[in-house]
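A.B. asks: This is run25.csv (CSV, C-alpha atoms and all ligand atoms).
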```csv
chain,number,residue,atom,x,y,z
A,4,MET,CA,115.3,-142.3,233.7
A,5,ASN,CA,118.1,-144.8,234.3
A,6,PRO,CA,119.5,-146.4,231.1
A,7,LEU,CA,118.5,-150.1,230.5
A,8,ARG,CA,121.6,-152.4,230.9
A,9,ILE,CA,121.8,-154.6,227.8
A,10,SER,CA,124.4,-157.3,227.2
A,11,VAL,CA,125.3,-158.6,223.8
A,12,ILE,CA,125.8,-162.4,223.5
A,13,GLY,CA,127.9,-163.3,220.5
A,14,GLY,CA,130.6,-160.8,219.3
A,15,GLY,CA,130.9,-162.0,215.7
A,16,TYR,CA,130.1,-160.1,212.5
A,17,TRP,CA,126.6,-159.1,213.6
A,18,GLY,CA,127.2,-158.9,217.3
A,19,LYS,CA,129.8,-156.2,216.7
A,20,LYS,CA,127.4,-154.1,214.8
A,21,VAL,CA,124.9,-154.5,217.6
A,22,VAL,CA,127.6,-153.3,220.1
A,23,ARG,CA,128.5,-150.3,218.0
A,24,GLU,CA,124.8,-149.3,217.8
A,25,ILE,CA,124.1,-149.8,221.6
A,26,LEU,CA,127.2,-147.7,222.4
A,27,ASP,CA,126.0,-145.0,220.1
A,28,ILE,CA,122.4,-145.0,221.4
A,29,GLY,CA,123.9,-144.9,225.0
A,30,ARG,CA,126.0,-141.9,224.1
A,31,THR,CA,123.3,-139.9,222.3
A,32,THR,CA,120.1,-140.8,224.3
A,33,ARG,CA,121.2,-142.6,227.5
A,34,GLU,CA,118.2,-144.9,227.0
A,35,VAL,CA,120.4,-147.9,227.0
A,36,GLU,CA,123.8,-148.8,228.3
A,37,LEU,CA,126.1,-151.7,227.1
A,38,LYS,CA,126.5,-153.9,230.2
A,39,SER,CA,128.8,-156.4,228.7
A,40,LEU,CA,129.8,-158.5,225.6
A,41,VAL,CA,129.9,-162.2,226.0
A,42,ASP,CA,131.4,-164.7,223.6
A,43,THR,CA,132.7,-168.2,224.1
A,44,SER,CA,135.5,-167.8,221.6
A,45,PRO,CA,138.8,-166.3,222.8
A,46,ALA,CA,139.5,-165.2,219.2
A,47,SER,CA,136.2,-163.4,218.9
A,48,LEU,CA,136.7,-161.7,222.3
A,49,ALA,CA,140.2,-160.6,221.3
A,50,ALA,CA,138.9,-159.1,218.0
A,51,CYS,CA,136.2,-157.2,220.0
A,52,ARG,CA,138.7,-156.0,222.5
A,53,GLU,CA,140.8,-154.7,219.6
A,54,GLU,CA,137.9,-152.7,218.3
A,55,PHE,CA,136.1,-151.6,221.5
A,56,GLY,CA,139.1,-151.4,223.9
A,57,ASP,CA,138.9,-151.9,227.6
A,58,SER,CA,136.0,-149.4,228.2
A,59,ILE,CA,133.5,-152.3,228.1
A,60,GLU,CA,133.2,-155.4,230.1
A,61,TYR,CA,133.9,-158.8,228.4
A,62,GLY,CA,132.8,-162.3,229.4
A,63,TRP,CA,132.7,-165.8,228.1
A,64,ASP,CA,130.0,-167.4,230.3
A,65,TYR,CA,126.5,-166.3,229.6
A,66,GLN,CA,125.1,-168.7,232.3
A,67,SER,CA,126.4,-166.6,235.2
A,68,LEU,CA,125.2,-163.4,233.6
A,69,ALA,CA,121.6,-164.7,233.5
A,70,THR,CA,121.3,-164.4,237.2
A,71,ASP,CA,122.8,-160.9,237.4
A,72,PRO,CA,120.1,-158.6,239.0
A,73,SER,CA,121.5,-155.5,237.3
A,74,LEU,CA,120.9,-156.9,233.8
A,75,SER,CA,117.8,-155.5,231.9
A,76,GLY,CA,118.0,-157.7,228.8
A,77,VAL,CA,120.2,-159.4,226.3
A,78,HIS,CA,120.6,-159.1,222.5
A,79,ILE,CA,121.5,-162.6,221.2
A,80,ALA,CA,123.7,-162.7,218.1
A,81,THR,CA,125.1,-166.2,218.4
A,82,PRO,CA,124.8,-168.9,215.6
A,83,ASN,CA,121.3,-169.9,214.8
A,84,SER,CA,121.8,-173.4,216.3
A,85,THR,CA,122.4,-171.9,219.7
A,86,HIS,CA,119.4,-169.4,219.8
A,87,PHE,CA,117.1,-171.7,221.7
A,88,GLU,CA,119.6,-172.7,224.4
A,89,VAL,CA,120.9,-169.2,225.0
A,90,ALA,CA,117.5,-167.5,224.9
A,91,SER,CA,115.8,-170.1,227.1
A,92,THR,CA,118.5,-169.7,229.7
A,93,PHE,CA,117.8,-166.0,230.1
A,94,LEU,CA,114.0,-166.2,229.9
A,95,ARG,CA,114.0,-168.8,232.7
A,96,GLN,CA,115.8,-166.3,234.8
A,97,GLY,CA,113.1,-163.6,234.0
A,98,LYS,CA,115.4,-161.6,231.6
A,99,ASN,CA,114.1,-159.8,228.6
A,100,VAL,CA,115.5,-161.2,225.3
A,101,LEU,CA,115.9,-160.0,221.7
A,102,VAL,CA,117.0,-163.0,219.5
A,103,GLU,CA,118.5,-162.5,216.1
A,104,LYS,CA,116.6,-164.2,213.2
A,105,PRO,CA,115.6,-166.9,212.9
A,106,LEU,CA,114.1,-167.2,216.4
A,107,THR,CA,114.9,-170.9,216.6
A,108,LEU,CA,115.6,-173.8,214.2
A,109,LYS,CA,112.5,-175.8,215.2
A,110,MET,CA,108.9,-174.9,215.8
A,111,ASP,CA,108.7,-176.7,219.2
A,112,GLU,CA,111.6,-174.6,220.4
A,113,ALA,CA,109.9,-171.4,219.2
A,114,TYR,CA,106.8,-172.4,221.1
A,115,GLU,CA,108.8,-173.1,224.2
A,116,LEU,CA,110.5,-169.6,224.1
A,117,ILE,CA,107.0,-168.0,223.8
A,118,ARG,CA,105.8,-170.0,226.7
A,119,LEU,CA,108.8,-169.2,228.8
A,120,ALA,CA,108.4,-165.4,228.0
A,121,ARG,CA,104.8,-165.5,229.1
A,122,GLU,CA,105.4,-167.5,232.2
A,123,ASN,CA,108.2,-165.3,233.4
A,124,LYS,CA,106.5,-162.0,232.1
A,125,CYS,CA,109.5,-161.2,229.9
A,126,VAL,CA,109.8,-159.4,226.6
A,127,LEU,CA,110.7,-161.7,223.7
A,128,CYS,CA,111.6,-159.8,220.5
A,129,VAL,CA,113.0,-161.4,217.3
A,130,GLY,CA,115.5,-159.6,215.0
A,131,HIS,CA,113.2,-159.1,212.0
A,132,ILE,CA,115.0,-155.9,211.2
A,133,HIS,CA,113.0,-154.9,208.1
A,134,ARG,CA,110.0,-154.1,210.3
A,135,PHE,CA,112.1,-151.0,211.0
A,136,ASN,CA,113.0,-150.2,207.4
A,137,ASN,CA,111.3,-147.1,206.1
A,138,GLY,CA,111.5,-148.4,202.6
A,139,VAL,CA,109.5,-151.5,203.6
A,140,ARG,CA,107.1,-149.4,205.6
A,141,GLU,CA,106.5,-147.2,202.5
A,142,LEU,CA,106.0,-150.2,200.3
A,143,ARG,CA,103.3,-151.4,202.7
A,144,ARG,CA,101.6,-148.0,202.5
A,145,VAL,CA,101.8,-148.0,198.7
A,146,LEU,CA,100.1,-151.4,198.6
A,147,SER,CA,97.4,-150.6,201.2
A,148,ASP,CA,96.6,-147.3,199.4
A,149,GLY,CA,96.1,-149.3,196.2
A,150,LEU,CA,98.7,-147.3,194.2
A,151,ILE,CA,99.5,-150.3,192.0
A,152,GLY,CA,96.0,-151.8,192.1
A,153,ASP,CA,95.6,-155.4,193.3
A,154,PRO,CA,99.0,-157.2,193.8
A,155,TYR,CA,99.3,-160.2,191.5
A,156,TYR,CA,102.7,-161.5,192.6
A,157,LEU,CA,106.0,-160.6,194.4
A,158,LEU,CA,109.5,-161.4,193.4
A,159,MET,CA,112.0,-161.2,196.2
A,160,ARG,CA,115.8,-161.6,195.6
A,161,TRP,CA,118.2,-162.1,198.4
A,162,THR,CA,121.6,-162.8,196.9
A,163,ALA,CA,125.3,-162.2,197.4
A,164,LEU,CA,128.5,-164.1,196.9
A,165,MET,CA,129.6,-165.8,200.2
A,166,ASN,CA,132.4,-168.1,201.0
A,167,PRO,CA,131.4,-171.8,201.2
A,168,GLN,CA,129.6,-172.2,204.5
A,169,LEU,CA,130.0,-175.5,206.4
A,170,GLN,CA,127.8,-174.8,209.4
A,171,ARG,CA,125.0,-172.9,207.7
A,172,GLU,CA,122.5,-173.3,204.8
A,173,VAL,CA,120.9,-170.6,202.8
A,174,ILE,CA,117.2,-171.2,203.6
A,175,THR,CA,117.5,-170.8,207.4
A,176,ASP,CA,120.0,-167.9,207.0
A,177,LEU,CA,118.3,-165.7,204.4
A,178,ALA,CA,114.7,-166.7,204.0
A,179,PRO,CA,113.5,-165.1,207.3
A,180,HIS,CA,113.8,-161.6,205.9
A,181,PRO,CA,111.8,-162.1,202.7
A,182,PHE,CA,109.1,-164.2,204.5
A,183,ASP,CA,108.8,-161.5,207.1
A,184,ILE,CA,108.7,-158.6,204.7
A,185,CYS,CA,106.1,-160.4,202.6
A,186,ASN,CA,103.9,-160.7,205.7
A,187,TYR,CA,104.5,-157.1,206.7
A,188,VAL,CA,103.6,-155.6,203.3
A,189,LEU,CA,100.7,-157.9,202.4
A,190,GLY,CA,99.3,-158.5,205.9
A,191,SER,CA,98.9,-162.3,205.2
A,192,TRP,CA,100.9,-165.5,205.5
A,193,PRO,CA,101.3,-168.1,202.8
A,194,GLU,CA,99.1,-171.2,202.8
A,195,LYS,CA,101.4,-173.4,200.8
A,196,VAL,CA,105.1,-173.4,200.2
A,197,SER,CA,107.3,-175.2,197.7
A,198,CYS,CA,111.1,-175.1,197.5
A,199,LYS,CA,113.9,-176.3,195.3
A,200,ALA,CA,117.4,-175.9,196.7
A,201,ARG,CA,121.0,-177.0,195.9
A,202,GLY,CA,124.5,-176.8,197.3
A,203,TYR,CA,127.2,-176.7,194.7
A,204,ARG,CA,130.4,-176.0,196.6
A,205,THR,CA,129.1,-177.6,199.8
A,206,ARG,CA,126.8,-180.4,198.8
A,207,GLN,CA,125.5,-181.0,202.3
A,208,ASN,CA,124.5,-177.3,202.8
A,209,GLU,CA,122.2,-175.6,200.3
A,210,GLU,CA,123.6,-172.4,198.8
A,211,VAL,CA,120.8,-171.5,196.5
A,212,ALA,CA,117.0,-171.9,196.9
A,213,PHE,CA,113.9,-170.9,194.9
A,214,ILE,CA,110.8,-170.8,197.1
A,215,ALA,CA,107.2,-170.3,195.9
A,216,ALA,CA,104.9,-169.1,198.7
A,217,GLU,CA,101.2,-169.2,197.8
A,218,HIS,CA,98.9,-166.8,199.6
A,219,LYS,CA,95.1,-166.8,199.7
A,220,GLY,CA,93.5,-166.1,196.3
A,221,SER,CA,96.1,-166.4,193.6
A,222,LEU,CA,98.7,-164.1,195.1
A,223,LEU,CA,102.2,-165.7,194.7
A,224,ALA,CA,105.6,-164.7,196.2
A,225,HIS,CA,108.7,-166.0,194.5
A,226,ILE,CA,111.8,-165.9,196.7
A,227,GLU,CA,115.3,-166.3,195.3
A,228,LEU,CA,118.1,-167.0,197.8
A,229,SER,CA,121.7,-167.3,196.8
A,230,TRP,CA,125.2,-167.3,198.2
A,231,LEU,CA,126.6,-167.9,194.7
A,232,ASP,CA,125.4,-164.8,192.8
A,233,ARG,CA,128.1,-162.0,192.5
A,234,ASP,CA,125.4,-159.4,192.6
A,235,LYS,CA,124.3,-158.4,196.1
A,236,ARG,CA,120.6,-157.8,196.1
A,237,ARG,CA,118.0,-157.3,198.8
A,238,GLU,CA,115.1,-156.5,196.5
A,239,VAL,CA,111.3,-156.7,196.5
A,240,THR,CA,109.2,-156.2,193.3
A,241,VAL,CA,105.5,-156.3,193.5
A,242,VAL,CA,103.6,-156.6,190.2
A,243,GLY,CA,100.0,-155.4,190.5
A,244,SER,CA,97.0,-154.8,188.2
A,245,GLU,CA,97.9,-151.1,187.7
A,246,GLY,CA,101.7,-151.0,188.0
A,247,ASN,CA,104.8,-152.3,189.6
A,248,ALA,CA,106.6,-151.3,192.8
A,249,HIS,CA,110.3,-152.0,193.2
A,250,LEU,CA,112.1,-151.6,196.5
A,251,ASP,CA,115.9,-151.9,197.2
A,252,CYS,CA,115.8,-152.8,200.9
A,253,VAL,CA,119.5,-151.8,201.5
A,254,ASN,CA,119.3,-148.2,200.1
A,255,GLN,CA,115.6,-147.9,201.0
A,256,LYS,CA,114.8,-146.7,197.5
A,257,LEU,CA,111.3,-147.3,196.2
A,258,PHE,CA,110.1,-146.8,192.6
A,259,LEU,CA,106.6,-147.1,191.1
A,260,GLN,CA,106.2,-148.0,187.5
A,261,LYS,CA,103.0,-147.3,185.6
A,262,SER,CA,103.3,-147.7,181.8
A,263,SER,CA,106.8,-146.6,180.9
A,264,VAL,CA,107.0,-143.9,183.6
A,265,LEU,CA,109.3,-144.6,186.6
A,266,GLU,CA,108.5,-142.5,189.7
A,267,GLU,CA,110.6,-142.5,192.8
A,268,ILE,CA,108.6,-142.5,196.0
A,269,PRO,CA,110.6,-140.4,198.5
A,270,VAL,CA,111.8,-142.4,201.5
A,271,SER,CA,113.8,-141.0,204.4
A,272,PRO,CA,116.1,-144.0,205.2
A,273,SER,CA,115.9,-145.4,208.7
A,274,ASN,CA,118.8,-146.9,210.8
A,275,THR,CA,117.1,-150.3,211.1
A,276,LEU,CA,119.3,-151.8,213.7
A,277,ARG,CA,119.1,-148.7,215.9
A,278,GLU,CA,115.3,-148.7,215.7
A,279,GLU,CA,115.2,-152.4,216.4
A,280,ILE,CA,117.3,-151.9,219.6
A,281,THR,CA,115.3,-148.8,220.7
A,282,HIS,CA,112.1,-150.7,220.1
A,283,PHE,CA,113.4,-153.6,222.3
A,284,ALA,CA,114.2,-151.0,225.1
A,285,GLU,CA,110.7,-149.5,224.7
A,286,CYS,CA,109.1,-153.0,225.0
A,287,ILE,CA,111.1,-153.6,228.2
A,288,ARG,CA,110.1,-150.2,229.7
A,289,ASN,CA,106.4,-150.8,228.8
A,290,ASN,CA,106.3,-154.4,230.0
A,291,GLY,CA,106.7,-153.2,233.5
A,292,ASN,CA,103.6,-150.9,233.5
A,293,SER,CA,100.0,-151.1,232.2
A,294,THR,CA,100.5,-148.9,229.1
A,295,PRO,CA,99.2,-150.8,226.1
A,296,PHE,CA,102.2,-151.2,223.8
A,297,THR,CA,102.7,-153.2,220.6
A,298,ASN,CA,105.7,-155.4,220.3
A,299,HIS,CA,106.3,-155.0,216.5
A,300,SER,CA,108.6,-158.1,216.3
A,301,ASP,CA,107.4,-160.5,218.9
A,302,GLY,CA,108.0,-164.2,219.5
A,303,LEU,CA,104.9,-165.3,217.7
A,304,LEU,CA,106.0,-163.5,214.6
A,305,GLY,CA,109.4,-165.3,214.9
A,306,ALA,CA,107.6,-168.6,215.4
A,307,ARG,CA,105.5,-168.1,212.3
A,308,VAL,CA,108.6,-167.5,210.2
A,309,VAL,CA,110.2,-170.6,211.7
A,310,ALA,CA,107.1,-172.5,210.5
A,311,LEU,CA,107.7,-171.3,207.0
A,312,LEU,CA,111.3,-172.2,207.1
A,313,GLU,CA,110.4,-175.7,208.2
A,314,ALA,CA,107.8,-175.9,205.4
A,315,ALA,CA,110.4,-174.8,202.8
A,316,ARG,CA,112.9,-177.4,204.0
A,317,GLU,CA,110.2,-180.1,204.1
A,318,SER,CA,109.2,-179.3,200.6
A,319,MET,CA,112.8,-179.5,199.4
A,320,TYR,CA,113.4,-182.9,201.1
A,321,ASN,CA,110.1,-184.4,199.9
A,322,ASP,CA,109.9,-182.8,196.5
A,323,ARG,CA,106.3,-181.5,196.9
A,324,ALA,CA,104.4,-178.5,198.0
A,325,ILE,CA,103.7,-178.3,201.8
A,326,GLN,CA,100.5,-176.9,203.4
A,327,VAL,CA,101.6,-174.5,206.0
A,328,GLN,CA,100.5,-175.0,209.6
A,329,LEU,CA,101.0,-171.7,211.3
A,330,PRO,CA,101.2,-171.5,215.1
A,331,ILE,CA,98.2,-170.0,216.8
A,332,ILE,CA,98.7,-169.0,220.4
A,333,PRO,CA,95.7,-167.4,222.2
A,334,GLU,CA,96.1,-163.9,223.7
A,335,ILE,CA,99.2,-163.0,221.8
A,336,SER,CA,98.9,-160.2,219.3
A,337,VAL,CA,98.8,-161.4,215.8
A,338,LYS,CA,100.0,-159.2,212.9
A,401,LIG,N1,119.4,-159.2,211.1
A,401,LIG,C1,120.3,-159.4,210.2
A,401,LIG,O1,120.2,-158.8,209.1
A,401,LIG,C2,121.4,-160.3,210.5
A,401,LIG,C3,122.6,-160.2,209.7
A,401,LIG,C4,123.6,-161.1,210.0
A,401,LIG,C5,123.5,-162.0,211.0
A,401,LIG,N2,122.3,-162.1,211.7
A,401,LIG,C6,122.2,-163.1,212.7
A,401,LIG,O2,123.1,-162.9,213.8
A,401,LIG,C7,123.5,-164.1,214.4
A,401,LIG,C8,125.0,-164.2,214.3
A,401,LIG,O3,125.5,-164.2,213.0
A,401,LIG,P1,127.0,-163.7,212.7
A,401,LIG,O4,127.1,-163.6,211.2
A,401,LIG,O5,127.4,-162.6,213.5
A,401,LIG,O6,127.8,-165.1,213.1
A,401,LIG,P2,129.3,-165.1,213.6
A,401,LIG,O7,129.7,-166.6,213.4
A,401,LIG,O8,130.1,-164.1,212.9
A,401,LIG,O9,129.3,-164.8,215.1
A,401,LIG,C9,128.7,-165.6,216.1
A,401,LIG,C10,129.5,-165.4,217.4
A,401,LIG,O10,128.8,-166.1,218.5
A,401,LIG,C11,129.8,-166.7,219.3
A,401,LIG,N3,129.2,-167.8,220.0
A,401,LIG,C12,128.9,-169.1,219.5
A,401,LIG,N4,128.2,-169.8,220.5
A,401,LIG,C13,128.1,-169.0,221.6
A,401,LIG,C14,127.6,-169.1,222.9
A,401,LIG,N5,126.9,-170.2,223.2
A,401,LIG,N6,127.7,-168.1,223.7
A,401,LIG,C15,128.3,-166.9,223.4
A,401,LIG,N7,128.9,-166.7,222.2
A,401,LIG,C16,128.8,-167.7,221.3
A,401,LIG,C17,130.9,-167.2,218.3
A,401,LIG,O11,132.1,-167.4,219.0
A,401,LIG,C18,130.9,-166.0,217.3
A,401,LIG,O12,131.9,-165.0,217.8
A,401,LIG,C19,122.9,-165.2,213.5
A,401,LIG,O13,121.7,-165.7,214.2
A,401,LIG,C20,122.4,-164.5,212.2
A,401,LIG,O14,121.3,-165.1,211.6
A,401,LIG,C21,121.3,-161.2,211.5
```
Turn this file's structure into structure tokens for me.
Ligand SMILES: NC(=O)c1ccc[n+]([C@@H]2O[C@H](COP(=O)([O-])OP(=O)(O)OC[C@H]3O[C@@H](n4cnc5c(N)ncnc54)[C@H](O)[C@@H]3O)[C@@H](O)[C@H]2O)c1
C.D. replies:
Amino acid sequence: MNPLRISVIGGGYWGKKVVREILDIGRTTREVELKSLVDTSPASLAACREEFGDSIEYGWDYQSLATDPSLSGVHIATPNSTHFEVASTFLRQGKNVLVEKPLTLKMDEAYELIRLARENKCVLCVGHIHRFNNGVRELRRVLSDGLIGDPYYLLMRWTALMNPQLQREVITDLAPHPFDICNYVLGSWPEKVSCKARGYRTRQNEEVAFIAAEHKGSLLAHIELSWLDRDKRREVTVVGSEGNAHLDCVNQKLFLQKSSVLEEIPVSPSNTLREEITHFAECIRNNGNSTPFTNHSDGLLGARVVALLEAARESMYNDRAIQVQLPIIPEISVK
């Protein structure tokens, strides 16, 4: 089996992690091979060259790469505002694409990527990395087995101290993960979203947000996002009729609490990024034959999260709860 040739577009903070992982998967399994690393910034390319040396190919122009017949797919780790432009370029040329979260900034762009992927018979994955987190998988099992009874509400905290951000705001950057995890563990999407958000150091860009996502029945998810909190947290607490479940998504540690007893549920931590990349490779391989294969992080999933981001921002601007309009696209698998 020849390795799939994957290029990474964007060699910043996250793109470098992706490169390290692809190189490691290539060394240990030969399933994939890093074809090249493309970045428009000479400074980013220089930093990558410093870390990875001359053993890999570097480029600055992703447009010419899009027509390269030896390319199997791209992993896009450029800023959120460029996802649509970069991903659509590759899909139009029939290339398989994994886009980091969020899939796009706008719903109509997300639809267009899905349409292009279908038209050109390409794989479209989105970097909803916690789909590959064993702690999150175990939390889903705990809920579906009824170990804490009926879930009443979720509290999700995504916080860390970040420098003031001039090009980014906290909802688009952080909310994709809690929205996605919520869907994965509950198997449902919210019907209504309300959001309050503020920027303190950067008034034009929100740095803290509190989102209430109302699901069918009375199930409520409260999401706290912050770039101002000195405590780094990636935490999910589910309060149910017979107990609480608490998950630290970074360490993949899961605890159940019934009365005063705290019980740790054993989780063997997964390498989430490695699994996400391997899954993308499996999707590419299976796309070419008739074997039924589920894309666990497909474009529709990405589009639904974009719809929730739009609803949260609309709620913040209009100061009212927003009824969510989720995209429905026939013949695409729905989680
Ligand atoms: N899954 C996760 O947990 C996770 C974590 C961090 C970041 N991300 C995502 O990864 C993406 C990148 O984030 P980051 O923190 O690495 O940002 P970054 O600013 O550190 O890096 C972005 C890089 O993209 C380059 N770039 C910009 N436009 C480009 C273009 N058109 N073509 C090629 N290169 C271009 C920039 O020069 C820069 O080097 C974002 O979408 C972010 O949401 C995901």
A.B. asks: Using all atoms listed in the file, which residues of the polymer chains come no farther than 10 Å from ligand LIG 401 (chain A)? I'd like the answer as an MDAnalysis selection string.
C.D. replies: chainID A and resid 11:21 40:48 50:51 62:66 78:86 88:90 102:107 129:133 170:171 175:177 179:180 275:276 279
A.B. asks: Quick check, in Å to one decimal: how far apart do atom CA of Ile59 of chain A and atom CA of Ile9 of chain A lie?
C.D. replies: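 According to the coordinates, atom CA of Ile59 of chain A and atom CA of Ile9 of chain A are separated by 11.9 Å.
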A.B. asks: Measuring atom to atom with all atoms listed in the file, identify which of A:Ala120, A:Cys198, A:Met110, A:Ala163 is nearest to Asn321 of chain A.
C.D. replies: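 Smallest separation from Asn321 of chain A among the options: A:Cys198.
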A.B. asks: Work out how far apart atom CA of Tyr155 of chain A and atom CA of Asn247 of chain A are and give it in Å to one decimal.
C.D. replies: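 Computed distance, atom CA of Tyr155 of chain A to atom CA of Asn247 of chain A, equals 9.8 Å.
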A.B. asks: Between atom CA of Val308 of chain A and atom CA of Val241 of chain A, what is the spacing in Å?
C.D. replies: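 Spanning atom CA of Val241 of chain A to atom CA of Val308 of chain A is a straight-line distance of 20.3 Å.
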A.B. asks: Tell me which residues come within 10 Å of (121.1, -165.8, 236.7), as a list in words, counting all atoms listed in the file in the file's coordinates.
C.D. replies: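 Residues satisfying the cut-off, written out: Tyr65, Gln66, Ser67, Leu68, Ala69, Thr70, Asp71, Pro72, Leu74, Thr92, Phe93, Leu94, Arg95, Gln96, Gly97 and Lys98 of chain A.
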A.B. asks: Find, counting all atoms listed in the file, the residue in A:Leu7, A:Ala178, A:Leu265, A:Val173 that gets nearest to Leu311 of chain A.
C.D. replies: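 Under the stated criterion, the closest residue is A:Ala178.
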A.B. asks: Go through A:Ser229, A:Asn274, A:Ser197, A:Gln260 and flag the residue nearest Glu317 of chain A, using all atoms listed in the file for the distances.
C.D. replies: A:Ser197
A.B. asks: Using all atoms listed in the file, which of the listed residues (A:Leu303, A:Leu101, A:Ile287, A:Leu312) sits closest to Lys124 of chain A?
C.D. replies: A:Ile287
A.B. asks: Env of Leu37 of chain A: 7 Å cut, atoms = only C-alpha atoms, seq-sep filter 3 positions within chain, self excluded. Answer as a list in words.
C.D. replies: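 Final neighbour list, sorted by chain and number: Arg8, Ile9, Ser10, Ile25 and Leu26 of chain A.
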